[in-house]
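First the structure, in the form of structure tokens, and then the observations on it.
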Amino acid sequence: MQASLRIVLIVFYGLAIPSTSLAQVLDWTKKQVSSVLNDTSATEQPKFIAYPTIAYAPETRWEFGVSALYVYYAQKDTTNRLSEINAFTFFTLEQQYGLWLDHALYSDQSEWFFLGRLRYQRFPLLYYGIGPDTPEEELAQVDANSIAVRERVLRNITGSLYMGIELDFQRLGNVDFIPVQNEPFPLPTGNEGSTNMGIGIGLVYDDRHNVLNVRKGFFGETGFLHYDERWGSDFSFTQYFLDARYYYPVNRNQVLAHQLYGVSMNGEVPFNQLALMGGESLMRGYYTGRYRDKTLLATQLEYRFLPFPFSRRWGAAAFLSAGGVAPEPREIKLGDWVVAGGAGVRFLLFPTKDIYTRLDVAFTEEGVGYYFFIGEAF
């Protein structure tokens, strides 16, 4: 597996650089970079940052994009939890493009909690097959247009416990499987594309104060989503999920974080909506979808120095994860699990809001993965 690396080129505020002289542009850019590195804004004030990125991956070639982050406290009250909106848009020299939008929004007094994400992209997917015993090399590259919207609308019940509606909409269109090996392989369910709508109930316990850098607390989510032809889905199936994360403060600047994640499905599930292993958050080092099936179980442990004792802005983290997939929960076998691990550096971007950027390097039996993001992996 070949790795991809996203590199930050320059950091700036706003949406555009004024079209004046080069000297003025350079001076303006210098001031914006300084305002980030020397952030002195009041803690209760909202904060916005945007920066261009460049990346290279075998399936996309060169990729150019812009990432942005907006954080705020409801009513500018720092006793409320920190809300965040992450955005990322990109295009590649292979005429691919996309828009990602993630959010975790808390109302005043945390009465309401809105947690969700949007993914729209024309982007190749590497397909290795289904199950724990897939080949080392991908079977096909899948070109398609995809849109995925996941939203939770949660109401506080008592304390840090929330309950509400879970919605999931996914559409995969203009699908083209391009084989990369000479031997034929069976095309999976949904290979011609599909549109599916899931509706369900979620139960969430969340006492985190800063979702981008949790120093103490617990986040737990469980529930189900049901997709049905009666409300327009091309396939009928049900997904059950569990996500539990615990953060233990070892001392003032060191945190031990643990996550347990599980998904189980029944029914006729299209290949793009199976439980996917890999990505920038869980099982770092593996390509998203390197392993996929109806059941996934994974766990990860991470130790964070935020920051180092001898530095005001620089820190680091070390992590280890393991997981596996199977057709059913009873068929999960530890012998089929794969392991990933690595380490990364941290830089305190917004001191008043305790938000770090991270650059992680993850190692697996199949290669190395590089990840640059604002906020911790989980």
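Letters for chains follow the order of the structure tokens (A, B, ...), residue numbers begin at 1 for each chain, and ligand numbers begin at 1 in the order shown.
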
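Of the residues in range 20-223 of chain A, those given helix (DSSP H, G or I) by DSSP on the backbone are Leu22, Ala23, Gln24, Val25, Leu26, Asp27, Trp28, Thr29, Lys30, Lys31, Gln32, Val33, Ser34, Ser35, Val36, Leu37, Ala74, Gln75, Lys76, Asp108, Gln109 and Ser110 of chain A.
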
Keeping only C-alpha atoms, write the selected residues as a PDB file, in the first residue's frame.
```
ATOM      1  CA  LEU A  22       3.299  41.725  -3.796  1.00  0.00           C
ATOM      2  CA  ALA A  23       4.945  43.578  -0.907  1.00  0.00           C
ATOM      3  CA  GLN A  24       1.563  44.331   0.632  1.00  0.00           C
ATOM      4  CA  VAL A  25       0.454  40.719   0.184  1.00  0.00           C
ATOM      5  CA  LEU A  26       3.603  39.409   1.851  1.00  0.00           C
ATOM      6  CA  ASP A  27       3.227  41.905   4.705  1.00  0.00           C
ATOM      7  CA  TRP A  28      -0.440  40.984   5.132  1.00  0.00           C
ATOM      8  CA  THR A  29       0.393  37.261   5.125  1.00  0.00           C
ATOM      9  CA  LYS A  30       3.153  37.786   7.679  1.00  0.00           C
ATOM     10  CA  LYS A  31       0.709  39.525  10.008  1.00  0.00           C
ATOM     11  CA  GLN A  32      -1.862  36.735   9.650  1.00  0.00           C
ATOM     12  CA  VAL A  33       0.692  34.034  10.383  1.00  0.00           C
ATOM     13  CA  SER A  34       1.858  36.044  13.400  1.00  0.00           C
ATOM     14  CA  SER A  35      -1.714  36.396  14.638  1.00  0.00           C
ATOM     15  CA  VAL A  36      -2.029  32.601  14.627  1.00  0.00           C
ATOM     16  CA  LEU A  37       1.300  31.890  16.274  1.00  0.00           C
ATOM     17  CA  ALA A  74     -22.680  29.474  22.658  1.00  0.00           C
ATOM     18  CA  GLN A  75     -23.588  32.932  23.974  1.00  0.00           C
ATOM     19  CA  LYS A  76     -19.803  33.509  24.305  1.00  0.00           C
ATOM     20  CA  ASP A 108     -26.600  27.312  25.419  1.00  0.00           C
ATOM     21  CA  GLN A 109     -26.379  25.193  28.579  1.00  0.00           C
ATOM     22  CA  SER A 110     -25.856  22.192  26.247  1.00  0.00           C
TER      23      SER A 110
END
```

Hey, could you make a per-residue contact list for range 107-156 of chain A against range 167-172 of chain A with 10 Å as the cut-off, showing the nearest pair of atoms and its distance in Å to one decimal, counting only C-alpha atoms, sorted by chain and number, as JSON lines?
```
{"residue": "A:Gly116", "atom": "CA", "partner": "A:Leu167", "partner_atom": "CA", "distance": 9.2}
{"residue": "A:Arg117", "atom": "CA", "partner": "A:Asp168", "partner_atom": "CA", "distance": 9.8}
{"residue": "A:Leu118", "atom": "CA", "partner": "A:Phe169", "partner_atom": "CA", "distance": 9.5}
{"residue": "A:Arg119", "atom": "CA", "partner": "A:Gln170", "partner_atom": "CA", "distance": 9.3}
{"residue": "A:Tyr120", "atom": "CA", "partner": "A:Arg171", "partner_atom": "CA", "distance": 9.6}
{"residue": "A:Gln121", "atom": "CA", "partner": "A:Leu172", "partner_atom": "CA", "distance": 9.9}
{"residue": "A:Arg122", "atom": "CA", "partner": "A:Leu172", "partner_atom": "CA", "distance": 9.9}
{"residue": "A:Asp143", "atom": "CA", "partner": "A:Leu172", "partner_atom": "CA", "distance": 9.9}
{"residue": "A:Ala144", "atom": "CA", "partner": "A:Leu172", "partner_atom": "CA", "distance": 6.6}
{"residue": "A:Asn145", "atom": "CA", "partner": "A:Leu172", "partner_atom": "CA", "distance": 5.8}
{"residue": "A:Ser146", "atom": "CA", "partner": "A:Leu172", "partner_atom": "CA", "distance": 4.5}
{"residue": "A:Ile147", "atom": "CA", "partner": "A:Arg171", "partner_atom": "CA", "distance": 5.3}
{"residue": "A:Ala148", "atom": "CA", "partner": "A:Gln170", "partner_atom": "CA", "distance": 4.3}
{"residue": "A:Val149", "atom": "CA", "partner": "A:Phe169", "partner_atom": "CA", "distance": 5.1}
{"residue": "A:Arg150", "atom": "CA", "partner": "A:Asp168", "partner_atom": "CA", "distance": 4.5}
{"residue": "A:Glu151", "atom": "CA", "partner": "A:Leu167", "partner_atom": "CA", "distance": 5.3}
{"residue": "A:Arg152", "atom": "CA", "partner": "A:Leu167", "partner_atom": "CA", "distance": 6.4}
{"residue": "A:Val153", "atom": "CA", "partner": "A:Leu167", "partner_atom": "CA", "distance": 8.5}
```

Point out the residue among A:Trp337, A:Tyr227, A:Phe113, A:Tyr370 with the least atom-to-atom distance to Leu82 in chain A, counting only C-alpha atoms.
A:Phe113

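Closest approach to Gln45 in chain A among A:Ser67, A:Ser83, A:Ser264, A:Gln300: A:Ser83, based on only C-alpha atoms.
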
Using DSSP on the backbone coordinates, identify the residues of range 43-286 of chain A assigned to strand (DSSP E); present them as a PDB file with C-alpha atoms, in the first residue's frame.
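states33.pdb written:
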```pdb
ATOM      1  CA  LYS A  47     -12.084  31.956  16.157  1.00  0.00           C
ATOM      2  CA  PHE A  48     -11.650  31.199  12.449  1.00  0.00           C
ATOM      3  CA  ILE A  49      -8.666  29.860  10.539  1.00  0.00           C
ATOM      4  CA  ALA A  50      -8.241  28.797   6.908  1.00  0.00           C
ATOM      5  CA  TYR A  51      -5.195  27.448   5.113  1.00  0.00           C
ATOM      6  CA  PRO A  52      -4.326  25.820   1.779  1.00  0.00           C
ATOM      7  CA  THR A  53      -3.069  22.235   1.585  1.00  0.00           C
ATOM      8  CA  ILE A  54      -1.294  20.083  -0.961  1.00  0.00           C
ATOM      9  CA  ALA A  55      -1.181  16.294  -1.045  1.00  0.00           C
ATOM     10  CA  TYR A  56      -0.114  13.400  -3.212  1.00  0.00           C
ATOM     11  CA  ALA A  57      -1.653   9.933  -3.412  1.00  0.00           C
ATOM     12  CA  ARG A  61      -1.918  12.295  -8.069  1.00  0.00           C
ATOM     13  CA  TRP A  62      -1.468  15.898  -6.881  1.00  0.00           C
ATOM     14  CA  GLU A  63      -4.299  17.298  -4.790  1.00  0.00           C
ATOM     15  CA  PHE A  64      -4.833  20.959  -3.849  1.00  0.00           C
ATOM     16  CA  GLY A  65      -7.284  22.122  -1.241  1.00  0.00           C
ATOM     17  CA  VAL A  66      -8.343  24.548   1.450  1.00  0.00           C
ATOM     18  CA  SER A  67      -9.134  23.615   5.063  1.00  0.00           C
ATOM     19  CA  ALA A  68     -10.998  25.807   7.517  1.00  0.00           C
ATOM     20  CA  LEU A  69     -12.002  25.684  11.181  1.00  0.00           C
ATOM     21  CA  TYR A  70     -14.498  27.814  13.114  1.00  0.00           C
ATOM     22  CA  VAL A  71     -14.876  27.410  16.885  1.00  0.00           C
ATOM     23  CA  TYR A  72     -17.106  29.234  19.366  1.00  0.00           C
ATOM     24  CA  TYR A  73     -18.889  29.070  22.705  1.00  0.00           C
ATOM     25  CA  LEU A  82     -16.777  24.425  22.695  1.00  0.00           C
ATOM     26  CA  SER A  83     -18.587  24.057  19.365  1.00  0.00           C
ATOM     27  CA  GLU A  84     -16.637  23.463  16.158  1.00  0.00           C
ATOM     28  CA  ILE A  85     -17.178  23.401  12.395  1.00  0.00           C
ATOM     29  CA  ASN A  86     -14.506  21.834  10.183  1.00  0.00           C
ATOM     30  CA  ALA A  87     -14.492  22.254   6.399  1.00  0.00           C
ATOM     31  CA  PHE A  88     -12.222  20.929   3.661  1.00  0.00           C
ATOM     32  CA  THR A  89     -12.519  21.294  -0.113  1.00  0.00           C
ATOM     33  CA  PHE A  90     -10.139  19.972  -2.754  1.00  0.00           C
ATOM     34  CA  PHE A  91      -9.500  19.261  -6.421  1.00  0.00           C
ATOM     35  CA  THR A  92      -6.889  17.102  -8.119  1.00  0.00           C
ATOM     36  CA  TYR A  97     -13.025  17.187  -6.358  1.00  0.00           C
ATOM     37  CA  GLY A  98     -14.863  17.171  -3.074  1.00  0.00           C
ATOM     38  CA  LEU A  99     -16.235  18.981  -0.039  1.00  0.00           C
ATOM     39  CA  TRP A 100     -16.102  17.711   3.552  1.00  0.00           C
ATOM     40  CA  LEU A 101     -17.969  19.404   6.390  1.00  0.00           C
ATOM     41  CA  ASP A 102     -17.973  18.179  10.022  1.00  0.00           C
ATOM     42  CA  HIS A 103     -19.613  19.769  13.038  1.00  0.00           C
ATOM     43  CA  ALA A 104     -20.223  19.324  16.757  1.00  0.00           C
ATOM     44  CA  LEU A 105     -22.539  22.092  17.953  1.00  0.00           C
ATOM     45  CA  TYR A 106     -23.837  22.700  21.477  1.00  0.00           C
ATOM     46  CA  TRP A 112     -29.261  20.563  22.365  1.00  0.00           C
ATOM     47  CA  PHE A 113     -26.387  18.743  20.655  1.00  0.00           C
ATOM     48  CA  PHE A 114     -26.007  18.550  16.862  1.00  0.00           C
ATOM     49  CA  LEU A 115     -23.337  16.127  15.669  1.00  0.00           C
ATOM     50  CA  GLY A 116     -22.803  15.337  12.022  1.00  0.00           C
ATOM     51  CA  ARG A 117     -20.812  15.335   8.823  1.00  0.00           C
ATOM     52  CA  LEU A 118     -21.201  15.803   5.079  1.00  0.00           C
ATOM     53  CA  ARG A 119     -19.052  14.257   2.348  1.00  0.00           C
ATOM     54  CA  TYR A 120     -19.479  15.148  -1.318  1.00  0.00           C
ATOM     55  CA  GLN A 121     -16.848  13.980  -3.762  1.00  0.00           C
ATOM     56  CA  ARG A 122     -15.861  12.741  -7.163  1.00  0.00           C
ATOM     57  CA  LEU A 125     -12.127   4.340  -4.063  1.00  0.00           C
ATOM     58  CA  LEU A 126      -9.708   1.440  -3.876  1.00  0.00           C
ATOM     59  CA  TYR A 127     -11.622  -1.833  -3.597  1.00  0.00           C
ATOM     60  CA  ALA A 140     -10.202  -2.457  -8.587  1.00  0.00           C
ATOM     61  CA  GLN A 141     -10.333   1.292  -8.554  1.00  0.00           C
ATOM     62  CA  VAL A 142     -13.904   2.520  -8.258  1.00  0.00           C
ATOM     63  CA  ASP A 143     -14.683   5.874  -9.841  1.00  0.00           C
ATOM     64  CA  ALA A 144     -17.967   7.377  -8.665  1.00  0.00           C
ATOM     65  CA  ASN A 145     -19.857  10.428  -7.506  1.00  0.00           C
ATOM     66  CA  SER A 146     -20.809  10.132  -3.851  1.00  0.00           C
ATOM     67  CA  ILE A 147     -22.661  12.138  -1.251  1.00  0.00           C
ATOM     68  CA  ALA A 148     -23.003  11.106   2.387  1.00  0.00           C
ATOM     69  CA  VAL A 149     -24.809  13.059   5.104  1.00  0.00           C
ATOM     70  CA  ARG A 150     -24.916  11.838   8.717  1.00  0.00           C
ATOM     71  CA  GLU A 151     -26.713  13.924  11.342  1.00  0.00           C
ATOM     72  CA  ARG A 152     -27.720  13.475  14.966  1.00  0.00           C
ATOM     73  CA  VAL A 153     -30.259  15.810  16.574  1.00  0.00           C
ATOM     74  CA  LEU A 154     -29.981  15.144  20.302  1.00  0.00           C
ATOM     75  CA  ARG A 155     -31.850  16.557  23.293  1.00  0.00           C
ATOM     76  CA  ASN A 156     -30.399  16.613  26.778  1.00  0.00           C
ATOM     77  CA  ILE A 157     -32.255  14.237  29.092  1.00  0.00           C
ATOM     78  CA  THR A 158     -30.321  14.651  32.310  1.00  0.00           C
ATOM     79  CA  LEU A 161     -27.042  12.134  28.718  1.00  0.00           C
ATOM     80  CA  TYR A 162     -28.643  12.888  25.325  1.00  0.00           C
ATOM     81  CA  MET A 163     -31.186  11.098  23.177  1.00  0.00           C
ATOM     82  CA  GLY A 164     -32.498  11.837  19.726  1.00  0.00           C
ATOM     83  CA  ILE A 165     -32.885  11.062  16.057  1.00  0.00           C
ATOM     84  CA  GLU A 166     -30.101   9.667  13.896  1.00  0.00           C
ATOM     85  CA  LEU A 167     -30.272  10.244  10.127  1.00  0.00           C
ATOM     86  CA  ASP A 168     -28.020   8.925   7.373  1.00  0.00           C
ATOM     87  CA  PHE A 169     -28.292   9.585   3.641  1.00  0.00           C
ATOM     88  CA  GLN A 170     -25.857   8.074   1.150  1.00  0.00           C
ATOM     89  CA  ARG A 171     -25.872   8.109  -2.635  1.00  0.00           C
ATOM     90  CA  LEU A 172     -23.284   6.530  -4.931  1.00  0.00           C
ATOM     91  CA  GLY A 173     -23.737   7.241  -8.641  1.00  0.00           C
ATOM     92  CA  ASN A 174     -21.911   7.017 -11.978  1.00  0.00           C
ATOM     93  CA  VAL A 175     -20.039   3.979 -10.660  1.00  0.00           C
ATOM     94  CA  ASP A 176     -17.267   2.447 -12.728  1.00  0.00           C
ATOM     95  CA  PHE A 177     -15.230  -0.546 -11.486  1.00  0.00           C
ATOM     96  CA  ILE A 178     -11.796  -0.472 -13.148  1.00  0.00           C
ATOM     97  CA  PRO A 179      -9.970  -3.789 -12.541  1.00  0.00           C
ATOM     98  CA  SER A 194     -27.425   3.083  -4.907  1.00  0.00           C
ATOM     99  CA  THR A 195     -29.321   5.633  -2.837  1.00  0.00           C
ATOM    100  CA  ASN A 196     -30.138   4.769   0.778  1.00  0.00           C
ATOM    101  CA  MET A 197     -31.773   6.608   3.668  1.00  0.00           C
ATOM    102  CA  GLY A 198     -31.366   5.452   7.248  1.00  0.00           C
ATOM    103  CA  ILE A 199     -33.501   6.555  10.193  1.00  0.00           C
ATOM    104  CA  GLY A 200     -32.865   5.557  13.779  1.00  0.00           C
ATOM    105  CA  ILE A 201     -32.477   6.413  17.436  1.00  0.00           C
ATOM    106  CA  GLY A 202     -29.264   7.305  19.220  1.00  0.00           C
ATOM    107  CA  LEU A 203     -28.288   7.519  22.884  1.00  0.00           C
ATOM    108  CA  VAL A 204     -25.236   9.647  23.706  1.00  0.00           C
ATOM    109  CA  TYR A 205     -23.367  10.350  26.929  1.00  0.00           C
ATOM    110  CA  ASP A 206     -20.976  13.261  26.512  1.00  0.00           C
ATOM    111  CA  GLY A 217     -14.176  12.778  30.347  1.00  0.00           C
ATOM    112  CA  PHE A 218     -16.206  10.173  28.518  1.00  0.00           C
ATOM    113  CA  PHE A 219     -18.078  10.018  25.222  1.00  0.00           C
ATOM    114  CA  GLY A 220     -20.349   7.100  24.451  1.00  0.00           C
ATOM    115  CA  GLU A 221     -22.808   6.615  21.588  1.00  0.00           C
ATOM    116  CA  THR A 222     -25.007   3.642  20.789  1.00  0.00           C
ATOM    117  CA  GLY A 223     -28.074   3.140  18.658  1.00  0.00           C
ATOM    118  CA  PHE A 224     -29.307   1.876  15.323  1.00  0.00           C
ATOM    119  CA  LEU A 225     -30.117   3.016  11.786  1.00  0.00           C
ATOM    120  CA  HIS A 226     -32.660   1.255   9.599  1.00  0.00           C
ATOM    121  CA  TYR A 227     -32.635   1.615   5.808  1.00  0.00           C
ATOM    122  CA  PHE A 237     -30.770  -3.325   6.076  1.00  0.00           C
ATOM    123  CA  THR A 238     -30.126  -2.341   9.694  1.00  0.00           C
ATOM    124  CA  GLN A 239     -26.955  -1.056  11.335  1.00  0.00           C
ATOM    125  CA  TYR A 240     -26.190  -1.218  15.073  1.00  0.00           C
ATOM    126  CA  PHE A 241     -23.252   0.757  16.444  1.00  0.00           C
ATOM    127  CA  LEU A 242     -21.251   1.452  19.583  1.00  0.00           C
ATOM    128  CA  ASP A 243     -18.574   4.112  20.091  1.00  0.00           C
ATOM    129  CA  ALA A 244     -17.040   4.503  23.558  1.00  0.00           C
ATOM    130  CA  ARG A 245     -14.154   6.881  24.330  1.00  0.00           C
ATOM    131  CA  TYR A 246     -12.516   7.468  27.710  1.00  0.00           C
ATOM    132  CA  TYR A 247      -9.982  10.177  28.570  1.00  0.00           C
ATOM    133  CA  TYR A 248      -7.889   9.915  31.705  1.00  0.00           C
ATOM    134  CA  PRO A 249      -5.648  12.828  32.801  1.00  0.00           C
ATOM    135  CA  VAL A 250      -2.329  11.331  33.943  1.00  0.00           C
ATOM    136  CA  ASN A 251      -1.201  14.787  35.034  1.00  0.00           C
ATOM    137  CA  GLN A 254      -0.560  14.261  29.790  1.00  0.00           C
ATOM    138  CA  VAL A 255      -3.672  12.343  28.763  1.00  0.00           C
ATOM    139  CA  LEU A 256      -4.342   8.649  28.204  1.00  0.00           C
ATOM    140  CA  ALA A 257      -7.172   8.160  25.700  1.00  0.00           C
ATOM    141  CA  HIS A 258      -8.936   4.917  24.770  1.00  0.00           C
ATOM    142  CA  GLN A 259     -11.608   4.103  22.202  1.00  0.00           C
ATOM    143  CA  LEU A 260     -13.705   0.986  21.556  1.00  0.00           C
ATOM    144  CA  TYR A 261     -15.709   0.971  18.326  1.00  0.00           C
ATOM    145  CA  GLY A 262     -18.084  -1.632  16.930  1.00  0.00           C
ATOM    146  CA  VAL A 263     -20.564  -1.933  14.051  1.00  0.00           C
ATOM    147  CA  SER A 264     -22.858  -4.808  13.102  1.00  0.00           C
ATOM    148  CA  MET A 265     -25.276  -5.007  10.157  1.00  0.00           C
ATOM    149  CA  ASN A 266     -27.882  -7.383   8.846  1.00  0.00           C
ATOM    150  CA  GLY A 267     -29.764  -7.415   5.568  1.00  0.00           C
ATOM    151  CA  ALA A 275     -18.312  -1.235   8.010  1.00  0.00           C
ATOM    152  CA  LEU A 276     -15.046   0.249   6.713  1.00  0.00           C
ATOM    153  CA  MET A 277     -11.722  -0.074   8.508  1.00  0.00           C
TER     154      MET A 277
END
```

For a test of reading the model, state the distance in Å between CA of Pro188 in chain A and CA of Asp234 in chain A, rounded to one decimal.
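So the answer is 14.6 Å.
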
For Gly279 in chain A, list every protein, DNA or RNA residue within 7 Å, evaluated using only C-alpha atoms, and leave out those in the same chain fewer than 6 positions away; present the list as a VMD selection string.
chain A and resid 286 to 288

At what distance in Å, to one decimal, does CA of Asn191 in chain A lie from CA of Ser236 in chain A?
15.8 Å

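Here CA of Leu212 in chain A and CA of Asp293 in chain A stand 29.5 Å from one another.
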